[in-house]
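Shown next: coords-v1.cif, containing mmCIF, C-alpha atoms.
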data_structure
#
loop_
_atom_site.label_atom_id
_atom_site.label_comp_id
_atom_site.auth_asym_id
_atom_site.auth_seq_id
_atom_site.Cartn_x
_atom_site.Cartn_y
_atom_site.Cartn_z
CA MET A 3 0.00 0.00 0.00
CA THR A 4 1.55 3.29 -1.10
CA THR A 5 1.66 6.09 1.46
CA LYS A 6 0.16 9.34 0.23
CA PRO A 7 2.84 12.09 -0.01
CA LEU A 8 2.80 14.78 2.66
CA ARG A 9 1.83 18.24 1.44
CA ALA A 10 4.40 20.80 2.56
CA GLY A 11 4.61 24.58 2.33
CA LEU A 12 7.25 27.19 3.01
CA VAL A 13 7.00 30.64 4.58
CA GLY A 14 9.85 32.92 3.49
CA LEU A 15 12.17 32.95 0.47
CA GLY A 16 15.10 34.70 2.08
CA SER A 17 18.64 33.35 2.28
CA MET A 18 17.70 30.25 4.29
CA GLY A 19 14.26 29.89 2.76
CA ARG A 20 15.74 29.44 -0.71
CA HIS A 21 17.73 26.44 0.54
CA HIS A 22 14.62 24.99 2.16
CA ALA A 23 12.76 25.36 -1.15
CA ARG A 24 15.47 23.45 -3.00
CA VAL A 25 15.40 20.55 -0.53
CA LEU A 26 11.60 20.44 -0.25
CA ALA A 27 11.25 20.27 -4.03
CA GLY A 28 13.25 17.04 -4.16
CA LEU A 29 12.29 15.47 -0.83
CA GLU A 30 11.03 11.91 -1.18
CA GLY A 31 7.52 11.39 0.12
CA VAL A 32 6.69 15.11 0.08
CA ASP A 33 4.83 17.34 -2.37
CA PHE A 34 6.04 20.95 -2.24
CA VAL A 35 2.77 22.81 -2.82
CA GLY A 36 3.37 26.51 -2.15
CA VAL A 37 5.52 29.35 -0.82
CA VAL A 38 4.53 32.49 1.07
CA ASP A 39 6.58 35.62 0.51
CA PRO A 40 5.00 39.08 0.20
CA PHE A 41 7.99 40.22 -1.87
CA GLY A 42 7.56 37.44 -4.42
CA ASP A 43 10.20 35.12 -5.83
CA LYS A 44 12.96 37.66 -6.48
CA TYR A 45 15.64 35.00 -7.02
CA GLY A 46 13.65 32.36 -8.91
CA ALA A 47 14.00 29.95 -6.01
CA ALA A 48 10.43 28.64 -5.65
CA GLN A 49 11.20 25.50 -7.67
CA GLY A 50 7.94 25.83 -9.61
CA ALA A 51 5.71 26.05 -6.53
CA PRO A 52 3.13 28.86 -6.52
CA VAL A 53 4.25 31.97 -4.65
CA LEU A 54 1.55 33.39 -2.38
CA GLY A 55 1.15 36.59 -0.42
CA THR A 56 -0.28 35.31 2.87
CA VAL A 57 -0.20 32.32 5.19
CA GLU A 58 -3.99 32.06 4.81
CA GLU A 59 -3.56 31.37 1.09
CA LEU A 60 -1.05 28.61 1.86
CA LEU A 61 -3.39 27.02 4.40
CA ALA A 62 -6.18 27.08 1.82
CA LEU A 63 -4.10 24.73 -0.35
CA GLY A 64 -4.37 22.05 2.34
CA ILE A 65 -0.95 21.31 3.85
CA ASP A 66 0.31 18.81 6.39
CA TYR A 67 3.26 20.90 7.52
CA ALA A 68 5.11 24.11 6.79
CA VAL A 69 8.69 25.32 7.13
CA VAL A 70 8.87 28.75 8.75
CA ALA A 71 11.89 30.65 7.38
CA CYS A 72 10.66 34.24 7.62
CA PRO A 73 12.44 36.85 9.83
CA THR A 74 12.76 35.80 13.49
CA ALA A 75 10.41 38.53 14.68
CA LEU A 76 7.59 36.87 12.68
CA HIS A 77 8.14 33.29 13.87
CA GLU A 78 5.63 33.51 16.69
CA GLU A 79 2.86 35.07 14.59
CA VAL A 80 3.25 32.58 11.74
CA GLY A 81 3.72 29.63 14.06
CA LEU A 82 0.53 30.41 15.98
CA GLN A 83 -1.40 30.64 12.69
CA LEU A 84 -0.17 27.19 11.70
CA ALA A 85 -0.93 25.68 15.11
CA GLU A 86 -4.46 27.09 15.12
CA ALA A 87 -5.00 25.51 11.69
CA GLY A 88 -3.76 22.12 12.92
CA VAL A 89 -0.64 22.22 10.74
CA CYS A 90 2.75 20.86 11.89
CA ALA A 91 5.75 23.19 11.62
CA LEU A 92 9.51 23.22 11.28
CA VAL A 93 10.58 26.67 12.51
CA GLU A 94 13.99 28.09 11.69
CA LYS A 95 16.18 28.91 14.67
CA PRO A 96 15.84 30.69 16.96
CA VAL A 97 12.29 29.49 17.48
CA ALA A 98 11.22 33.00 18.57
CA ASP A 99 12.83 36.36 19.35
CA THR A 100 11.66 36.33 22.99
CA VAL A 101 11.36 33.73 25.72
CA GLU A 102 7.67 34.54 26.12
CA GLY A 103 7.08 34.03 22.39
CA ALA A 104 8.88 30.69 22.46
CA ARG A 105 6.75 29.54 25.39
CA ARG A 106 3.54 30.52 23.61
CA LEU A 107 4.58 28.51 20.57
CA VAL A 108 5.37 25.47 22.71
CA GLN A 109 1.97 25.68 24.39
CA ALA A 110 0.15 26.15 21.07
CA PHE A 111 1.64 23.09 19.37
CA GLU A 112 1.86 20.80 22.40
CA SER A 113 -1.74 21.47 23.47
CA ARG A 114 -2.92 20.36 20.02
CA GLY A 115 -0.63 17.33 19.81
CA LEU A 116 1.08 18.68 16.70
CA VAL A 117 4.61 17.79 15.63
CA ALA A 118 6.84 20.87 15.66
CA GLY A 119 10.58 21.30 15.50
CA VAL A 120 13.30 23.91 15.32
CA GLY A 121 15.90 24.12 12.57
CA HIS A 122 19.03 23.86 14.70
CA ILE A 123 20.89 22.45 11.73
CA GLU A 124 24.17 21.78 13.54
CA ARG A 125 22.47 18.73 15.03
CA CYS A 126 22.57 17.30 11.50
CA ASN A 127 26.23 18.10 10.85
CA PRO A 128 28.06 14.78 10.27
CA ALA A 129 30.94 15.68 12.58
CA LEU A 130 28.66 16.58 15.49
CA ARG A 131 26.41 13.56 14.98
CA SER A 132 29.48 11.32 15.14
CA LEU A 133 30.79 13.22 18.18
CA ARG A 134 27.51 12.81 20.03
CA ALA A 135 27.38 9.08 19.31
CA ARG A 136 30.94 8.66 20.59
CA LEU A 137 30.19 10.61 23.78
CA GLU A 138 27.08 8.49 24.36
CA ALA A 139 29.23 5.36 23.92
CA GLY A 140 31.56 6.61 26.65
CA GLU A 141 34.62 6.91 24.40
CA LEU A 142 35.76 10.11 26.16
CA GLY A 143 34.87 9.10 29.71
CA ASP A 144 33.86 11.98 31.97
CA VAL A 145 33.42 15.26 30.08
CA TYR A 146 35.25 18.25 31.55
CA GLN A 147 34.83 21.10 29.10
CA VAL A 148 33.10 22.16 25.86
CA VAL A 149 34.62 25.02 23.87
CA THR A 150 33.11 26.57 20.74
CA ARG A 151 34.34 29.30 18.41
CA ARG A 152 31.99 30.61 15.73
CA GLN A 153 33.28 33.69 13.98
CA GLY A 154 33.40 35.31 10.57
CA PRO A 155 32.37 38.39 8.57
CA PHE A 156 28.99 40.06 9.08
CA PRO A 157 26.15 38.26 7.21
CA HIS A 158 24.06 40.93 5.49
CA ARG A 159 21.04 38.59 5.54
CA ILE A 160 20.58 39.38 9.26
CA ALA A 161 18.77 42.57 10.24
CA ASP A 162 16.52 41.90 13.23
CA VAL A 163 18.74 40.19 15.84
CA GLY A 164 22.29 40.30 17.15
CA VAL A 165 25.03 37.70 17.15
CA VAL A 166 23.74 36.03 20.33
CA LYS A 167 20.33 35.06 18.92
CA ASP A 168 21.55 34.41 15.38
CA LEU A 169 24.86 32.59 15.88
CA ALA A 170 25.37 31.78 19.56
CA THR A 171 22.09 29.86 19.61
CA HIS A 172 23.81 27.29 17.38
CA ASP A 173 26.49 26.72 20.01
CA ILE A 174 24.08 26.78 22.94
CA ASP A 175 21.91 24.12 21.33
CA LEU A 176 24.71 21.88 20.06
CA THR A 177 26.43 21.94 23.46
CA GLY A 178 23.33 20.75 25.27
CA TRP A 179 22.59 18.23 22.53
CA VAL A 180 25.99 16.54 22.23
CA THR A 181 26.45 16.32 26.02
CA GLY A 182 22.84 15.55 26.94
CA ARG A 183 23.07 18.18 29.69
CA GLN A 184 21.55 21.57 30.51
CA TYR A 185 22.97 24.99 31.34
CA VAL A 186 22.69 26.05 34.97
CA SER A 187 24.69 29.29 34.82
CA ILE A 188 26.16 31.70 32.27
CA ALA A 189 28.36 34.80 32.40
CA ALA A 190 28.93 36.87 29.27
CA HIS A 191 30.36 40.05 27.82
CA THR A 192 29.21 41.62 24.54
CA VAL A 193 30.40 44.48 22.36
CA SER A 194 28.96 46.30 19.36
CA LYS A 195 31.53 47.69 16.95
CA SER A 196 29.76 47.66 13.59
CA GLY A 197 27.39 50.56 14.20
CA ARG A 198 24.27 48.39 14.49
CA GLU A 199 21.93 48.47 17.48
CA HIS A 200 22.58 44.80 18.22
CA GLU A 201 25.70 43.17 19.64
CA ASP A 202 28.16 41.69 17.15
CA MET A 203 30.57 39.90 19.51
CA VAL A 204 30.05 37.79 22.61
CA SER A 205 32.30 35.84 24.94
CA ALA A 206 30.53 33.56 27.42
CA VAL A 207 31.49 31.09 30.15
CA GLY A 208 28.91 28.67 31.49
CA ARG A 209 28.35 25.56 33.53
CA LEU A 210 26.18 22.53 32.75
CA ASP A 211 24.16 20.58 35.30
CA ASP A 212 26.87 17.91 35.67
CA GLY A 213 29.60 20.50 36.33
CA THR A 214 30.98 20.58 32.77
CA MET A 215 32.59 23.93 31.92
CA VAL A 216 31.47 25.69 28.74
CA ASN A 217 33.16 28.48 26.75
CA HIS A 218 31.67 30.24 23.72
CA LEU A 219 33.35 32.86 21.51
CA VAL A 220 31.07 34.19 18.77
CA ASN A 221 31.42 37.22 16.53
CA TRP A 222 30.64 38.88 13.19
CA LEU A 223 33.85 40.90 13.22
CA SER A 224 36.48 38.45 11.98
CA PRO A 225 37.67 38.02 8.38
CA LEU A 226 38.44 34.42 9.37
CA LYS A 227 35.44 32.11 9.18
CA GLU A 228 35.66 29.48 11.89
CA ARG A 229 33.29 26.83 13.19
CA PHE A 230 35.13 24.99 15.97
CA THR A 231 33.87 22.70 18.73
CA SER A 232 36.08 20.85 21.16
CA VAL A 233 35.06 18.50 23.95
CA THR A 234 37.72 17.60 26.51
CA GLY A 235 37.38 14.70 28.92
CA GLU A 236 39.29 12.15 30.92
CA ARG A 237 40.57 10.21 27.88
CA GLY A 238 41.44 13.09 25.56
CA CYS A 239 39.78 15.65 23.33
CA PHE A 240 37.42 15.57 20.35
CA ILE A 241 37.65 18.44 17.87
CA ALA A 242 34.87 19.02 15.33
CA ASP A 243 35.20 21.41 12.39
CA THR A 244 31.63 21.88 11.20
CA LEU A 245 32.70 23.82 8.09
CA THR A 246 34.41 20.72 6.71
CA ALA A 247 32.44 18.16 8.81
CA ASP A 248 35.71 16.69 10.11
CA LEU A 249 36.07 15.04 13.53
CA THR A 250 39.43 14.39 15.14
CA PHE A 251 40.31 12.69 18.40
CA HIS A 252 43.46 13.57 20.37
CA SER A 253 44.02 10.87 22.96
CA ASN A 254 45.87 11.00 26.25
CA ALA A 255 49.08 8.98 26.36
CA ALA A 256 50.07 6.71 29.23
CA VAL A 257 53.55 8.00 30.00
CA ALA A 258 55.18 7.36 33.35
CA THR A 259 56.36 10.41 35.29
CA GLU A 260 59.89 9.90 36.56
CA TRP A 261 60.19 13.34 38.14
CA GLU A 262 59.30 12.83 41.80
CA ALA A 263 57.99 16.37 42.31
CA LEU A 264 55.40 15.99 39.55
CA ARG A 265 53.98 12.60 40.51
CA ALA A 266 51.35 14.22 42.73
CA PHE A 267 49.94 16.11 39.72
CA ARG A 268 47.53 14.07 37.58
CA GLY A 269 48.52 15.56 34.25
CA VAL A 270 48.23 14.20 30.72
CA SER A 271 50.54 13.94 27.77
CA GLU A 272 49.95 13.86 24.02
CA GLY A 273 48.95 10.51 22.58
CA ASP A 274 47.61 9.33 19.24
CA MET A 275 45.57 11.53 16.90
CA ILE A 276 42.75 9.97 14.86
CA ARG A 277 40.85 11.70 12.06
CA TYR A 278 37.65 9.80 11.47
CA ALA A 279 36.23 8.97 8.05
CA ILE A 280 32.59 10.09 8.24
CA PRO A 281 29.86 9.89 5.57
CA LYS A 282 29.09 13.52 4.75
CA ARG A 283 25.48 14.13 3.75
CA GLU A 284 24.08 17.65 3.46
CA PRO A 285 22.83 18.65 6.94
CA LEU A 286 19.72 20.42 5.60
CA GLN A 287 18.71 17.29 3.68
CA VAL A 288 19.08 15.22 6.85
CA GLU A 289 17.09 17.78 8.85
CA HIS A 290 14.20 17.63 6.39
CA GLU A 291 14.19 13.83 6.28
CA LEU A 292 14.06 13.65 10.07
CA PHE A 293 11.20 16.14 10.28
CA ARG A 294 9.26 14.39 7.53
CA ASP A 295 9.60 11.12 9.42
CA ALA A 296 8.48 12.79 12.66
CA VAL A 297 5.32 14.09 10.96
CA LEU A 298 4.67 10.56 9.72
CA GLY A 299 4.90 9.30 13.31
CA LYS A 300 8.22 7.54 12.88
CA PRO A 301 11.06 7.76 15.45
CA ALA A 302 13.12 10.81 14.51
CA ASP A 303 15.72 12.79 16.44
CA ILE A 304 14.44 16.31 15.78
CA CYS A 305 15.00 19.43 17.85
CA THR A 306 11.66 19.89 19.57
CA LEU A 307 10.03 23.25 20.23
CA ARG A 308 10.63 22.76 23.94
CA GLN A 309 14.35 22.24 23.32
CA GLY A 310 14.38 25.29 21.06
CA MET A 311 12.65 27.28 23.81
CA ARG A 312 15.40 26.26 26.25
CA THR A 313 18.01 27.61 23.84
CA VAL A 314 16.16 30.93 23.67
CA GLU A 315 16.09 31.02 27.48
CA VAL A 316 19.87 30.52 27.65
CA ALA A 317 20.44 33.17 24.95
CA ALA A 318 18.30 35.61 26.95
CA ALA A 319 20.41 34.82 30.02
CA VAL A 320 23.57 35.57 27.98
CA LEU A 321 22.22 39.02 27.11
CA GLU A 322 21.01 39.59 30.68
CA SER A 323 24.44 38.69 32.00
CA ALA A 324 26.21 41.03 29.59
CA MET A 325 23.87 43.91 30.39
CA GLY A 326 24.03 43.43 34.17
CA MET A 327 27.73 42.44 34.24
CA ARG A 328 26.98 39.42 36.42
CA SER A 329 26.54 35.68 36.23
CA VAL A 330 22.96 34.47 35.62
CA SER A 331 21.59 31.21 37.00
CA LEU A 332 19.19 29.04 35.01
CA GLN A 333 16.69 26.59 36.46
CA PRO A 334 17.16 23.23 34.74
CA GLU A 335 14.01 21.57 33.47
CA ASP A 336 13.13 17.95 33.95
CA LEU A 337 15.34 16.12 31.43
CA ALA A 338 12.54 13.71 30.60
CA THR A 339 10.34 16.65 29.60
CA SER A 340 12.85 18.88 27.84
CA GLY A 341 14.85 16.20 26.03
CA THR A 342 18.11 18.18 26.26
#

Starting from the file, give its structure as structure tokens.
Amino acid sequence: MTTKPLRAGLVGLGSMGRHHARVLAGLEGVDFVGVVDPFGDKYGAAQGAPVLGTVEELLALGIDYAVVACPTALHEEVGLQLAEAGVCALVEKPVADTVEGARRLVQAFESRGLVAGVGHIERCNPALRSLRARLEAGELGDVYQVVTRRQGPFPHRIADVGVVKDLATHDIDLTGWVTGRQYVSIAAHTVSKSGREHEDMVSAVGRLDDGTMVNHLVNWLSPLKERFTSVTGERGCFIADTLTADLTFHSNAAVATEWEALRAFRGVSEGDMIRYAIPKREPLQVEHELFRDAVLGKPADICTLRQGMRTVEVAAAVLESAMGMRSVSLQPEDLATSGT
């Protein structure tokens, strides 16, 4: 018996929306039936789907789910429209521009039993998926520290949020996801050097609920584009480059210490280095396949709205910390409920 294809729509044909349109048009088991963008298809990216002016017109076509890729400030409004119509949604990150908006979206979709996810695409990066699996298998032992660096030139596609909500949310989410832990405190400093009203650089130090130390450096002010994640633990250090989807392991070496004065110090020395061969599928393709399967009721490791809400809460704490020049504590949710 052949399963009827899901009918999917898209809201927004901006920089990210155009990529979503390309993937949706070729996604197995899905019919791409329409796009909403009040400015039309300026780049010819709609892949033959009709371009509509309003969400109401898209809903009138009869859709099973929609991808929300409009500006962040509109995520809540569009998401609530979809929830009220009984339509599932994959919302680009961050899920909303405020904590309150994120909570309203969670309530709207959960109360109706609708599948909804957040496009935290780093969860689909091959290097990070391999890293998470290896951490879950205990290959690193106890985890001590997670360090991320995400920097590069200013992306002109961004106009409504600063670097914390646009870029740092990637690192906040991936840190909680790969470790399976939650943030309990954060201290941050931000600067704005580009003349915009929003911050364009942040440095943050945090702690997870198992005591793991976290460091994030994120900016839009560097000519060097870098996407670096390292996880250090009792058996060595994993380093993931999410630009190239490479994962490397630097192991601790078992070397005897002959110097009497140093024997009391439990240090480590450099051991073997392993660069893993990883199948490298496009992360956005994987993200769409997972969400499609979730809508169909199949097991699928998507970023839920509740997890996306938690990331927005941590990002808000980062900004609160920077503004108040103090550390901010976060109340961890029940892991069974939040899934992070």

Selection under test: the PyMOL selection byres ((chain A and resi 315-326) around 9); residues as a PyMOL selection string: chain A and resi 100-101+104+166-167+170-171+174+185+187-192+204+206+310-314+327-332

Proximity to Leu226 of chain A - best of A:Thr214, A:Gln184, A:Gln153, A:Thr177, only C-alpha atoms: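 Of A:Thr214, A:Gln184, A:Gln153, A:Thr177, the one nearest Leu226 of chain A, counting only C-alpha atoms, is A:Gln153.
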
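Ranking A:Val53, A:Val163, A:Ala91, A:Val148 by their shortest atom-to-atom distance to Val207 of chain A, with all atoms listed in the file included, puts A:Val148 first.
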
Computed interatomic separation between atom CA of Pro128 of chain A and atom CA of Ala242 of chain A (Å): 9.5 Å

Of the listed residues A:Pro281, A:Gly154, A:Gly178, A:Gly16, that which approaches Gly42 of chain A most closely, counting all atoms listed in the file: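 Using all atoms listed in the file, Gly42 of chain A sits closest to A:Gly16.
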
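Rounded to one decimal, atom CA of Arg308 of chain A and atom CA of Leu245 of chain A lie 27.2 Å from each other.
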
Result set, the PyMOL selection byres ((chain A and resi 38) around 6) on current file, as a list in words: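 Listing what the PyMOL selection byres ((chain A and resi 38) around 6) selects in the shown file: Val13, Gly14, Val37, Asp39, Val53, Leu54, Gly55 and Thr56 of chain A.
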
Top pick for closest residue to Ile280 of chain A, considering A:Arg131, A:Arg106, A:Lys95, A:His158 and counting only C-alpha atoms: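 Nearest candidate to Ile280 of chain A out of A:Arg131, A:Arg106, A:Lys95, A:His158: A:Arg131.
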
Close residues, Asn127 of chain A itself excluded, 7 Å, only C-alpha atoms, min 2 positions apart in chain, as an MDAnalysis selection string: chainID A and resid 123:125 129:131 244 247 285

Residues within 9 Å of (33.6, 18.1, 31.6), counting all atoms listed in the file, listed as a PyMOL selection string: chain A and resi 144-148+210+212-216+233-236
